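> Before anything else, here's the structure in question.
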Amino acid sequence: MKKTLEGLRLTTSQKKRVLVLTASVTVGLIAFLLNPGMLQTALYFVAYLLAGAPVLINALKHFSQGDFFDENALMSIATIGALILGQYPEAIAVMLFFEIGELIEDTAVDRSKRSISELVAIKPEFANLKVGDSYQEVAPEKVNIGDTILIKPGEKIPVDGTILTGQSSLNTAALTGESLPREVEPGTDVLSGSINLDGTLTMTVTHAYNDSTVAKILDLVQNSDSNKADTEKFITKFAHIYTPVVVLFAALLAFVPPLFFGGVWADWIQRALVFLVISCPCALVLSVPLAFFAGLGATSKNGVLIKGSNYLEALNEVDTVVFDKTGTLTQGSFTVTKVTPVSGVTKDDLLGYTAAVEQNSTHPIARSIVNSFDGDLSQYTITNSVETSGHGVQADVNGHEVIVGNEKALADITVDMPELDSTGTTILVAIDGQFSGSIIVADEPKPDSQTAINDLKQLDLETVMLTGDNHAVGTTVANKLGLNKVVTNLLPADKVSEIKKIQASQSDTQKVAFVGDGINDAPVLVQADVGIAMGALGSDAAVEAADMIIMDDKPSRIASTIDIAKHTRRIVMQNIVFALVIKAIFLALGAFGLANMWEAVFADVGVTLLAILNSMRILRKH
């Protein structure tokens, strides 16, 4: 028995409950084999208490809290009534099967949560902090930004950071769902919760523990069930109305026929007790939340974290998916492909001044320009640097006023602008009020962006791209990927306006999803009905504002997540219809005396188990 329980992956409390239920069955069978008498009755009573003690205790607890009509109360009333009528095996069976159903439901919830709750295992227990010339083992919470830590082979990375020395492979499966190891080297940004597989690494800390990836994921896991889906809320309200109504009907069934129509008290009380057992709403109140738990578990296996079942349900109504471009549909790793200075300006000067202005920016385009400059940036003195979102950066460099950005940034400079290159993004540069040249950087689509768009079209969804890039670059990427629509030259506030326009053109049942990764995308993620952030490369602001987080930055995850959401809804509706139809049939049979207590057990526990098993099918959908 012990080995069997270990194989089922039960918790300690669940294993104890199995042993108690086994004892109840054993005592009940012994009593059944005895001749009628005081000993048989006593053993039946012991078997009843072994099976039903948790139900009776919960009923009393809820009763003291003012909750008079939960499933524990219904089971208690029905079985105590059966005992009074001398139906000992039936009373024991009702409690036994009810507890078995509860036990299976508990293990099913554990399994459906396991994909999410296993993320708790990514929490690091310590960090090797560099103190002087040695390393000390400290709690991850005591590590600060800028500290240096050591990660040995087999250890978890405790906080987010950047590799200083060493090369290794990281297991990021718990974070991203990606089974292939990720190769890292000096300069690579790494996420907390990843496991160092082989080499010894040192890294500088970029996020304190509370702001690190692992802490945010754990917070999501712990609070993922706090945002309930509308269907879950409806079922809860339905149960609170439904249960008192059926108790009233059971009372009328027990008392009205004997009092007014000469019915036999024992017969009608028996029918009322059967009616109570059948009416228990377990199948609904257990299977519907379980289905959503399973849906969230399936999405996490798919590399997507969702902040609540309400967002999972909302995906069913999405008919338009709107994308940011850079870092979302494209790789976000730009390369300088062309430097074109005007007469009198050298390429080195144009690139040097531009790199000097952009050196403190974290934007991918800025980083590509800085990385392409081979000179020494320390020779440039930077003062009065001002960045204008959606325009560019202005600063004084070695006494010269330098403006780097788009056409809006150079709007006050009267000059014939160069023809924009459709193969990349054109960065314009002005020095001392004179147009000095342009730099073109290119950003290619991610490897699976085309698959993502194709899959969304297979689901009959509209695809739109909103970008701050110029029309030529934006339309080139959109046409290459086959998006339905593209809007270019947008500031962050313009993207919000575009989302509002799409929402205004839709019906109340249609929703808009926005997918972004940058800090500028945070307002749009909040405005959209469903905000989806790229978690690996995305900014902290975008991840905080989003409702869904794609941990490996693959846009193709969106279609598969929507597919899981639709599958979850189908399962939920199947459970609701199945439970209500079966209960309606058996309630009618019970009221007319055509269903006994054993059939009532099937109508309650049997339907609940079938609904639970149906919900568990969702976990295979990934």
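Chain labels follow the order of the structure tokens: the first chain is A, the next B, and so on; residue numbering restarts at 1 in every chain, and ligands are counted from 1 in their shown order.
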Just the residues within 12 Å of Ile149 in chain A, please, counting only C-alpha atoms, with nothing from its chain fewer than 2 positions along; format it as a ChimeraX atom specification.
/A:126-140,142-147,151-152,155-165,200-206
> Using backbone DSSP assignments, extract all strand (DSSP E) residues from range 24-168 of chain A; output them as an MDAnalysis selection string.
chainID A and resid 127:131 134:138 148:151 161:165 168
> Which residues of range 266-368 of chain A sit at most 12 Å from range 492-498 of chain A, using only C-alpha atoms? Give each one's shortest atom pair and distance in Å (one decimal place), in chain and ascending residue order, as JSON lines.

{"residue": "A:Val322", "atom": "CA", "partner": "A:Glu498", "partner_atom": "CA", "distance": 9.8}
{"residue": "A:Phe323", "atom": "CA", "partner": "A:Lys495", "partner_atom": "CA", "distance": 10.3}
{"residue": "A:Asp324", "atom": "CA", "partner": "A:Lys495", "partner_atom": "CA", "distance": 9.1}
{"residue": "A:Lys325", "atom": "CA", "partner": "A:Lys495", "partner_atom": "CA", "distance": 11.9}
> How about saving the chosen residues, all heavy atoms kept, as a short mmCIF file (atom, residue, chain, number, x, y, z; two decimals), in the first residue's frame?

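For reference, part-v1.cif as written:
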data_model
loop_
_atom_site.label_atom_id
_atom_site.label_comp_id
_atom_site.auth_asym_id
_atom_site.auth_seq_id
_atom_site.Cartn_x
_atom_site.Cartn_y
_atom_site.Cartn_z
N VAL A 322 -2.65 42.99 -32.04
CA VAL A 322 -1.84 44.13 -32.47
C VAL A 322 -0.43 43.95 -31.93
O VAL A 322 -0.23 43.65 -30.75
CB VAL A 322 -2.44 45.45 -31.94
CG1 VAL A 322 -1.63 46.64 -32.43
CG2 VAL A 322 -3.90 45.58 -32.36
N PHE A 323 0.56 44.15 -32.81
CA PHE A 323 1.95 43.94 -32.44
C PHE A 323 2.73 45.25 -32.47
O PHE A 323 2.52 46.10 -33.35
CB PHE A 323 2.64 42.98 -33.43
CG PHE A 323 2.14 41.58 -33.39
CD1 PHE A 323 1.08 41.17 -34.19
CD2 PHE A 323 2.74 40.64 -32.55
CE1 PHE A 323 0.62 39.86 -34.17
CE2 PHE A 323 2.29 39.32 -32.52
CZ PHE A 323 1.23 38.93 -33.32
N ASP A 324 3.64 45.40 -31.52
CA ASP A 324 4.76 46.32 -31.67
C ASP A 324 5.73 45.66 -32.66
O ASP A 324 5.62 44.45 -32.91
CB ASP A 324 5.41 46.53 -30.31
CG ASP A 324 6.71 47.30 -30.40
OD1 ASP A 324 6.72 48.36 -31.03
OD2 ASP A 324 7.73 46.82 -29.85
N LYS A 325 6.66 46.41 -33.20
CA LYS A 325 7.59 45.81 -34.16
C LYS A 325 8.91 45.39 -33.51
O LYS A 325 9.20 44.21 -33.38
CB LYS A 325 7.88 46.76 -35.32
CG LYS A 325 8.82 46.17 -36.39
CD LYS A 325 9.11 47.12 -37.51
CE LYS A 325 10.13 48.17 -37.13
NZ LYS A 325 11.51 47.58 -37.00
#
> Out of A:Tyr242, A:Ser436, A:Tyr209, A:Phe292, which residue has the shortest atom-to-atom distance to Gly308 in chain A when counting only C-alpha atoms?
A:Phe292
> Nearest residue to Asp529 in chain A out of A:Glu599, A:Ala565, A:Leu74, A:Val512, using only C-alpha atoms?
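Closest to Asp529 in chain A, using only C-alpha atoms: A:Val512.
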> Using only C-alpha atoms, which residue out of A:Val274, A:Ile269, A:Ile403, A:Ile564 lies closest to Ile306 in chain A?
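The answer is A:Ile564, which sits nearest to Ile306 in chain A.
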> Show me, as a list in words, the residues that have an atom within 8 Å of range 337-344 of chain A when counting only C-alpha atoms, minus same-chain residues fewer than 5 positions from it.
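Near neighbours after the sequence-gap exclusion: Leu350, Leu351, Phe435, Ser436, Gly437, Ser438, Ile439, Ile440, Val441 and Ala442 of chain A.
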> Selected residues, all heavy atoms, written as a compact mmCIF listing (two decimals), in the first residue's frame, please.

# COMPACT_ATOMS: atom_id res chain seq x y z
N LEU A 350 30.83 61.36 -37.82
CA LEU A 350 29.38 61.19 -37.77
C LEU A 350 29.01 60.06 -36.81
O LEU A 350 28.13 60.21 -35.94
CB LEU A 350 28.84 60.89 -39.16
CG LEU A 350 27.32 60.68 -39.25
CD1 LEU A 350 26.57 61.95 -38.88
CD2 LEU A 350 26.93 60.22 -40.66
N LEU A 351 29.70 58.93 -36.95
CA LEU A 351 29.40 57.77 -36.10
C LEU A 351 29.83 58.04 -34.66
O LEU A 351 29.14 57.65 -33.72
CB LEU A 351 30.11 56.54 -36.66
CG LEU A 351 29.66 55.18 -36.09
CD1 LEU A 351 28.16 54.97 -36.30
CD2 LEU A 351 30.44 54.05 -36.75
N PHE A 435 22.27 69.72 -40.88
CA PHE A 435 22.13 68.29 -41.15
C PHE A 435 23.49 67.73 -41.54
O PHE A 435 24.16 68.25 -42.45
CB PHE A 435 21.13 68.06 -42.27
CG PHE A 435 20.99 66.61 -42.65
CD1 PHE A 435 20.39 65.70 -41.77
CD2 PHE A 435 21.47 66.13 -43.86
CE1 PHE A 435 20.27 64.36 -42.10
CE2 PHE A 435 21.35 64.80 -44.20
CZ PHE A 435 20.74 63.91 -43.32
N SER A 436 23.92 66.66 -40.85
CA SER A 436 25.28 66.16 -41.02
C SER A 436 25.36 64.77 -41.61
O SER A 436 26.47 64.29 -41.90
CB SER A 436 26.01 66.17 -39.67
OG SER A 436 26.03 67.48 -39.14
N GLY A 437 24.23 64.08 -41.74
CA GLY A 437 24.27 62.76 -42.35
C GLY A 437 23.24 61.81 -41.75
O GLY A 437 22.42 62.20 -40.90
N SER A 438 23.29 60.58 -42.21
CA SER A 438 22.33 59.57 -41.74
C SER A 438 23.03 58.24 -41.51
O SER A 438 24.07 57.96 -42.11
CB SER A 438 21.20 59.40 -42.76
OG SER A 438 21.72 58.92 -44.00
N ILE A 439 22.42 57.45 -40.63
CA ILE A 439 22.93 56.11 -40.33
C ILE A 439 21.76 55.15 -40.46
O ILE A 439 20.68 55.39 -39.92
CB ILE A 439 23.51 56.04 -38.90
CG1 ILE A 439 24.69 57.01 -38.77
CG2 ILE A 439 23.94 54.61 -38.56
CD1 ILE A 439 25.21 57.13 -37.34
N ILE A 440 21.96 54.07 -41.19
CA ILE A 440 20.90 53.08 -41.39
C ILE A 440 21.22 51.83 -40.59
O ILE A 440 22.33 51.29 -40.67
CB ILE A 440 20.74 52.73 -42.88
CG1 ILE A 440 20.29 53.97 -43.67
CG2 ILE A 440 19.72 51.59 -43.05
CD1 ILE A 440 20.22 53.76 -45.15
N VAL A 441 20.23 51.41 -39.79
CA VAL A 441 20.37 50.16 -39.04
C VAL A 441 19.24 49.22 -39.46
O VAL A 441 18.14 49.67 -39.78
CB VAL A 441 20.33 50.39 -37.51
CG1 VAL A 441 21.52 51.20 -37.06
CG2 VAL A 441 19.04 51.07 -37.10
N ALA A 442 19.52 47.94 -39.48
CA ALA A 442 18.54 46.95 -39.93
C ALA A 442 18.19 46.00 -38.79
O ALA A 442 19.03 45.67 -37.95
CB ALA A 442 19.09 46.17 -41.12
> Can you pull out every residue within 7 Å of Cys280 in chain A, counting only C-alpha atoms, but drop anything in the same chain fewer than 3 positions away, and send it as a PyMOL selection string?
chain A and resi 71+74+276-277+604
> Check the DSSP output for the backbone and give back, as JSON, numbers by chain, the residues of range 320-421 of chain A in helix (DSSP H, G or I).
{"A": [347, 348, 349, 350, 351, 352, 353, 354, 355, 356, 357, 358, 364, 365, 366, 367, 368, 369, 370, 371, 372, 377, 378, 379]}
> For CA of Met616 in chain A and CA of Thr12 in chain A, determine how far apart the two atoms are, in Å to one decimal place.
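The value is 22.3 Å.
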> Mind pulling up the distance from CA of Val473 in chain A to CA of Gly424 in chain A?
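That distance, rounded to one decimal, is 5.7 Å.
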> So which residues touch range 483-485 of chain A within 7 Å, counting only C-alpha atoms, skipping near sequence neighbours fewer than 5 positions away, as a list in words?
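My reading of the contact set: Ile453, Glu462, Thr463, Val464, Met465 and Ala478 of chain A.
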> Extract, using only C-alpha atoms, all DNA, RNA and protein residues at most 10 Å from Phe97 in chain A, discarding same-chain residues fewer than 5 positions from it, and format them as a list in words.
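Counting only the stated atoms, we get Leu21, Ala51, Gly52, Ile92, Glu102, Leu103, Val601, Phe602, Asp604, Val605 and Gly606 of chain A.
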> I'd like the interatomic distance between CA of Gln503 in chain A and CA of Leu461 in chain A, to a tenth of an Å.
14.4 Å
> Counting only C-alpha atoms, figure out which residue out of A:Val429, A:Ala504, A:Leu525, A:Ile365 gets nearest to Gly327 in chain A.
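Checking each candidate against Gly327 in chain A, we get A:Ile365 as the closest.
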